[in-house]
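Chemist: Let me begin by handing over the structure; questions about it come next.
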4 protein chains.
Amino acid sequence: MSSESFTHKKKDVSLDAARHVIDSARRAAEAIGVAMNIAVVDDGNNLVAFERMDGAWLGSIDIAQGKAYTARAFDMSTRDLAPLCQPGQSLFGIHATNDGRLVVFPGGIPLEKNGEVVGAIGVSGGAVEQDQVVAEAGAEAF
Amino acid sequence: MSSESFTHKKKDVSLDAARHVIDSARRAAEAIGVAMNIAVVDDGNNLVAFERMDGAWLGSIDIAQGKAYTARAFDMSTRDLAPLCQPGQSLFGIHATNDGRLVVFPGGIPLEKNGEVVGAIGVSGGAVEQDQVVAEAGAEAF
Amino acid sequence: MSSESFTHKKKDVSLDAARHVIDSARRAAEAIGVAMNIAVVDDGNNLVAFERMDGAWLGSIDIAQGKAYTARAFDMSTRDLAPLCQPGQSLFGIHATNDGRLVVFPGGIPLEKNGEVVGAIGVSGGAVEQDQVVAEAGAEAF
Amino acid sequence: MSSESFTHKKKDVSLDAARHVIDSARRAAEAIGVAMNIAVVDDGNNLVAFERMDGAWLGSIDIAQGKAYTARAFDMSTRDLAPLCQPGQSLFGIHATNDGRLVVFPGGIPLEKNGEVVGAIGVSGGAVEQDQVVAEAGAEAF
């Protein structure tokens, strides 16, 4: 077995990149006047950076991180995942797995480079449509 | 009293058997081009072996193990269990028991010897129909 | 900010590499006649592969994974970490962090490529000296 | 009854202040050449902001947050708390309370305004003396 077969190169999210993503998301949150919690995870689904805007919901500290975790866990937005998780649908019950870290409603979006998922952003603090808009602003800045 | 009366022979899943099951499942996953997480538990519902194919969903590490656990926990496939767990059905809410280890959608299948359940395989990484196909390939190899 | 500052390349542990590491560790375990649990995690500290040898301690399923997790969590062997975690030492109490996933005794070793930690192996099933020997055999095969 | 009687003014840590604290700590970390995880909690002991420097220990994501939580939980530095938590001392066993969120070694420091604790910083990523130095740099910037 050659040395190459032991490892493969991967891209990842740097702290600078995470800060840029969060800054962009925060500006989008300020534009709609909603205080948000914003989290960014890296390729290995580990937290890189987190910010809670003044006055943002305390319960969303966990949810923002959970949305980022979920989007990287399945390499899809939590908005796309949500309908599959409803009662009667194919993934109903998935919200109880992964030690309670999954969040199955909008606001989590993968961060991609050249079509490869290398991390994710999660946003929580408003209506899910607002969370989604802010997360999109962050993801687009990546 | 002879030594035999203190013990009972039990059929179980050896590591060799688990590796064979996982190899078979992995080939089925490669055949459909989906990277899977694959887990095998034994008669005591304890993990024997686990493999994550390169690039497979990180969130499915837990779910593959959960599907195997669930299939052995109730000696039935998670596909058969799923409809009973929906809202309004007889087992609704069961996904919140067992410390969050249960998974109530397809991809977990008991491993049987002579009609007796002695373990289970769990597969996660694609659409549930894909997970099911791969789990079946593993179970049939047992 | 240039595109390069957003991401950085990383090496990682492939499934083939993890299987090779586990095979090497298992042969070392067979050589000393102790049934072991063996786990390999990747760069992001997520499980790649796990095997329990026939008859190995059930309680070590969790411990082997915890040792691998710990070695990657701090990029050092759990043998080097152990003395720092004793009563009166600088890291006493650390075993209660990370949601109970840390194991602070020998048997966990980082996997390195060109001096960079890209994963870890964890072994549990015998005396800690035996676990250490088997983990070393696995790490050296990487 | 006036509106004022229903509320009391409280001093707290704004996101701007937390970012300033983290920036100052990060510069101190860069000065000693150690990649750190840095967390800031507010008056209610809820996370305000977190950053992981590139390459910092993954296991310290949880510990940095735990140190900040602990410093605010008892309004004292975790360095002052540590000796009280050793075997035979008055608080031995405390590390197992608070759902595993406490960290009883140096690197967590309260943030004070006019002698009143209004939050805390937690730092993890190096030797505890290094963590302490970086946390002090952050706390002094507040």
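A note on labels: chains of the structure tokens are A, B, ... as shown, every chain counts residues from 1, and ligands are counted from 1 in their shown order.
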When you look at Phe142 in chain B with a cut-off of 12 Å (counting only C-alpha atoms), what residues show up, excluding the ones that are within fewer than 4 positions of it in the same chain? I need them as a PyMOL selection string.

Modeler: chain B and resi 12-25+40+109-114+117-121+135-138

Chemist: May I have the residues from that selection written out with N, CA and C atoms, as an mmCIF file, in the first residue's frame?

Modeler:
```cif
data_model
loop_
_atom_site.group_PDB
_atom_site.id
_atom_site.type_symbol
_atom_site.label_atom_id
_atom_site.label_comp_id
_atom_site.auth_asym_id
_atom_site.auth_seq_id
_atom_site.Cartn_x
_atom_site.Cartn_y
_atom_site.Cartn_z
ATOM 1 N N ASP B 12 -23.681 -16.467 18.354
ATOM 2 C CA ASP B 12 -23.318 -15.062 18.429
ATOM 3 C C ASP B 12 -22.629 -14.654 17.129
ATOM 4 N N VAL B 13 -22.341 -13.362 17.028
ATOM 5 C CA VAL B 13 -21.653 -12.843 15.852
ATOM 6 C C VAL B 13 -20.171 -12.675 16.182
ATOM 7 N N SER B 14 -19.329 -13.424 15.513
ATOM 8 C CA SER B 14 -17.881 -13.279 15.721
ATOM 9 C C SER B 14 -17.375 -12.052 14.965
ATOM 10 N N LEU B 15 -16.173 -11.625 15.306
ATOM 11 C CA LEU B 15 -15.580 -10.506 14.569
ATOM 12 C C LEU B 15 -15.397 -10.875 13.096
ATOM 13 N N ASP B 16 -14.980 -12.109 12.834
ATOM 14 C CA ASP B 16 -14.838 -12.546 11.443
ATOM 15 C C ASP B 16 -16.160 -12.418 10.686
ATOM 16 N N ALA B 17 -17.231 -12.861 11.337
ATOM 17 C CA ALA B 17 -18.540 -12.778 10.690
ATOM 18 C C ALA B 17 -18.943 -11.319 10.463
ATOM 19 N N ALA B 18 -18.683 -10.481 11.453
ATOM 20 C CA ALA B 18 -19.038 -9.054 11.326
ATOM 21 C C ALA B 18 -18.272 -8.403 10.184
ATOM 22 N N ARG B 19 -16.987 -8.760 10.068
ATOM 23 C CA ARG B 19 -16.189 -8.197 8.982
ATOM 24 C C ARG B 19 -16.715 -8.651 7.627
ATOM 25 N N HIS B 20 -17.135 -9.906 7.557
ATOM 26 C CA HIS B 20 -17.690 -10.428 6.308
ATOM 27 C C HIS B 20 -18.994 -9.703 5.953
ATOM 28 N N VAL B 21 -19.823 -9.482 6.955
ATOM 29 C CA VAL B 21 -21.086 -8.762 6.740
ATOM 30 C C VAL B 21 -20.794 -7.334 6.252
ATOM 31 N N ILE B 22 -19.855 -6.665 6.919
ATOM 32 C CA ILE B 22 -19.534 -5.285 6.536
ATOM 33 C C ILE B 22 -18.919 -5.231 5.136
ATOM 34 N N ASP B 23 -18.026 -6.170 4.817
ATOM 35 C CA ASP B 23 -17.430 -6.201 3.474
ATOM 36 C C ASP B 23 -18.512 -6.339 2.406
ATOM 37 N N SER B 24 -19.466 -7.225 2.658
ATOM 38 C CA SER B 24 -20.544 -7.447 1.690
ATOM 39 C C SER B 24 -21.390 -6.189 1.539
ATOM 40 N N ALA B 25 -21.691 -5.566 2.656
ATOM 41 C CA ALA B 25 -22.487 -4.336 2.602
ATOM 42 C C ALA B 25 -21.719 -3.241 1.869
ATOM 43 N N VAL B 40 -22.181 -3.354 13.004
ATOM 44 C CA VAL B 40 -22.708 -4.672 13.348
ATOM 45 C C VAL B 40 -22.657 -4.843 14.861
ATOM 46 N N ILE B 109 -31.261 -4.223 10.243
ATOM 47 C CA ILE B 109 -31.819 -5.553 9.970
ATOM 48 C C ILE B 109 -31.194 -6.578 10.916
ATOM 49 N N PRO B 110 -32.016 -7.416 11.543
ATOM 50 C CA PRO B 110 -31.459 -8.467 12.405
ATOM 51 C C PRO B 110 -30.604 -9.448 11.613
ATOM 52 N N LEU B 111 -29.592 -9.988 12.269
ATOM 53 C CA LEU B 111 -28.801 -11.085 11.717
ATOM 54 C C LEU B 111 -29.301 -12.365 12.382
ATOM 55 N N GLU B 112 -29.675 -13.370 11.563
ATOM 56 C CA GLU B 112 -30.306 -14.583 12.098
ATOM 57 C C GLU B 112 -29.503 -15.827 11.739
ATOM 58 N N LYS B 113 -29.549 -16.803 12.653
ATOM 59 C CA LYS B 113 -28.994 -18.140 12.423
ATOM 60 C C LYS B 113 -30.084 -19.139 12.785
ATOM 61 N N ASN B 114 -30.517 -19.937 11.819
ATOM 62 C CA ASN B 114 -31.560 -20.926 12.064
ATOM 63 C C ASN B 114 -32.809 -20.317 12.690
ATOM 64 N N VAL B 117 -32.511 -14.688 16.122
ATOM 65 C CA VAL B 117 -31.761 -13.436 15.992
ATOM 66 C C VAL B 117 -30.542 -13.476 16.912
ATOM 67 N N VAL B 118 -29.365 -13.221 16.331
ATOM 68 C CA VAL B 118 -28.128 -13.250 17.124
ATOM 69 C C VAL B 118 -27.316 -11.961 16.992
ATOM 70 N N GLY B 119 -27.899 -10.949 16.343
ATOM 71 C CA GLY B 119 -27.198 -9.684 16.172
ATOM 72 C C GLY B 119 -27.942 -8.829 15.165
ATOM 73 N N ALA B 120 -27.277 -7.798 14.663
ATOM 74 C CA ALA B 120 -27.936 -6.930 13.682
ATOM 75 C C ALA B 120 -26.905 -6.102 12.937
ATOM 76 N N ILE B 121 -27.326 -5.634 11.754
ATOM 77 C CA ILE B 121 -26.531 -4.687 10.972
ATOM 78 C C ILE B 121 -27.316 -3.387 10.849
ATOM 79 N N ALA B 135 -28.021 -2.663 3.701
ATOM 80 C CA ALA B 135 -28.170 -3.478 4.912
ATOM 81 C C ALA B 135 -28.611 -4.894 4.554
ATOM 82 N N GLU B 136 -29.492 -5.006 3.566
ATOM 83 C CA GLU B 136 -29.942 -6.336 3.136
ATOM 84 C C GLU B 136 -28.780 -7.145 2.580
ATOM 85 N N ALA B 137 -27.928 -6.488 1.793
ATOM 86 C CA ALA B 137 -26.768 -7.194 1.233
ATOM 87 C C ALA B 137 -25.870 -7.712 2.353
ATOM 88 N N GLY B 138 -25.716 -6.921 3.399
ATOM 89 C CA GLY B 138 -24.910 -7.369 4.532
ATOM 90 C C GLY B 138 -25.574 -8.514 5.279
#
```

Chemist: Can you tell me which residues surround Asp99 in chain C at a distance of at most 10 Å, considering only C-alpha atoms, apart from same-chain residues fewer than 3 positions away, and format the answer as a JSON list (two decimals) with C-alpha atoms, in the first residue's frame?

Modeler:
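After the write, out_6.json holds the following:
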```json
[["chain", "number", "residue", "atom", "x", "y", "z"],
["C", 95, "HIS", "CA", -11.73, 13.67, 32.79],
["C", 96, "ALA", "CA", -15.13, 15.20, 33.58],
["C", 102, "LEU", "CA", -12.07, 11.59, 27.64],
["D", 62, "ASP", "CA", -15.41, 22.30, 25.47],
["D", 99, "ASP", "CA", -23.69, 18.43, 34.16],
["D", 100, "GLY", "CA", -19.95, 18.19, 33.57],
["D", 101, "ARG", "CA", -19.57, 21.86, 32.63]]
```

Chemist: Near Phe105 in chain D, within 6 Å and counting only C-alpha atoms, which residues show up once chain neighbours fewer than 5 positions away are dropped, as a list in words?

Modeler: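 My reading of the contact set: Thr78, Arg79 and Ala82 of chain D.
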
Chemist: Out of B:Leu91, B:Gly107, B:Arg27, B:Ala49, which residue has the shortest atom-to-atom distance to chain C when counting only C-alpha atoms?

Modeler: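 Ranked by minimum distance to chain C, first place goes to B:Ala49.
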
Chemist: Report, in Å with one decimal, the straight-line distance from CA of Val41 in chain B to CA of Ala28 in chain B.

Modeler: 19.3 Å

Chemist: Among chain A, which ones does DSSP place in alpha helix (DSSP H), written as an MDAnalysis selection string?

Modeler: chainID A and resid 15:32 60:73 78:81 128:141

Chemist: Write out as a short mmCIF file (atom, residue, chain, number, x, y, z; two decimals) with N, CA, C and O atoms, in the first residue's frame every residue belonging to chain A that has an atom at most 8 Å from any atom of chain D, counting only C-alpha atoms.

Modeler:
```
data_model
loop_
_atom_site.label_atom_id
_atom_site.label_comp_id
_atom_site.auth_asym_id
_atom_site.auth_seq_id
_atom_site.Cartn_x
_atom_site.Cartn_y
_atom_site.Cartn_z
N SER A 14 -10.93 28.12 7.97
CA SER A 14 -10.02 28.80 8.90
C SER A 14 -10.81 29.73 9.81
O SER A 14 -11.97 30.07 9.53
N LEU A 15 -10.17 30.19 10.91
CA LEU A 15 -10.84 31.16 11.79
C LEU A 15 -11.13 32.45 11.04
O LEU A 15 -12.21 33.03 11.19
N ASN A 46 -16.51 20.44 14.02
CA ASN A 46 -16.14 21.03 15.30
C ASN A 46 -16.29 22.54 15.23
O ASN A 46 -15.98 23.16 14.21
N LEU A 47 -16.73 23.16 16.32
CA LEU A 47 -17.01 24.60 16.36
C LEU A 47 -15.74 25.42 16.09
O LEU A 47 -14.70 25.19 16.70
N VAL A 48 -15.85 26.38 15.17
CA VAL A 48 -14.74 27.30 14.90
C VAL A 48 -15.00 28.65 15.58
O VAL A 48 -14.11 29.21 16.22
N ALA A 49 -16.20 29.17 15.42
CA ALA A 49 -16.51 30.47 16.02
C ALA A 49 -18.01 30.59 16.24
O ALA A 49 -18.81 29.95 15.55
N PHE A 50 -18.35 31.43 17.24
CA PHE A 50 -19.75 31.63 17.60
C PHE A 50 -19.91 33.06 18.10
O PHE A 50 -19.04 33.57 18.80
N GLU A 51 -21.04 33.68 17.74
CA GLU A 51 -21.37 34.99 18.29
C GLU A 51 -22.85 35.09 18.59
O GLU A 51 -23.68 34.66 17.79
N ARG A 52 -23.15 35.69 19.74
CA ARG A 52 -24.55 36.00 20.07
C ARG A 52 -24.71 37.51 20.08
O ARG A 52 -24.07 38.20 20.86
N MET A 53 -25.58 38.00 19.22
CA MET A 53 -25.82 39.44 19.17
C MET A 53 -26.56 39.87 20.45
O MET A 53 -27.32 39.09 21.03
N ASP A 54 -26.35 41.11 20.86
CA ASP A 54 -26.96 41.60 22.11
C ASP A 54 -28.48 41.42 22.08
O ASP A 54 -29.15 41.87 21.15
N LEU A 58 -31.59 33.29 24.35
CA LEU A 58 -30.65 32.39 25.01
C LEU A 58 -30.82 30.95 24.55
O LEU A 58 -29.85 30.20 24.43
N ILE A 61 -28.67 29.74 21.54
CA ILE A 61 -27.23 29.47 21.60
C ILE A 61 -26.98 28.02 21.17
O ILE A 61 -26.13 27.73 20.32
#
```
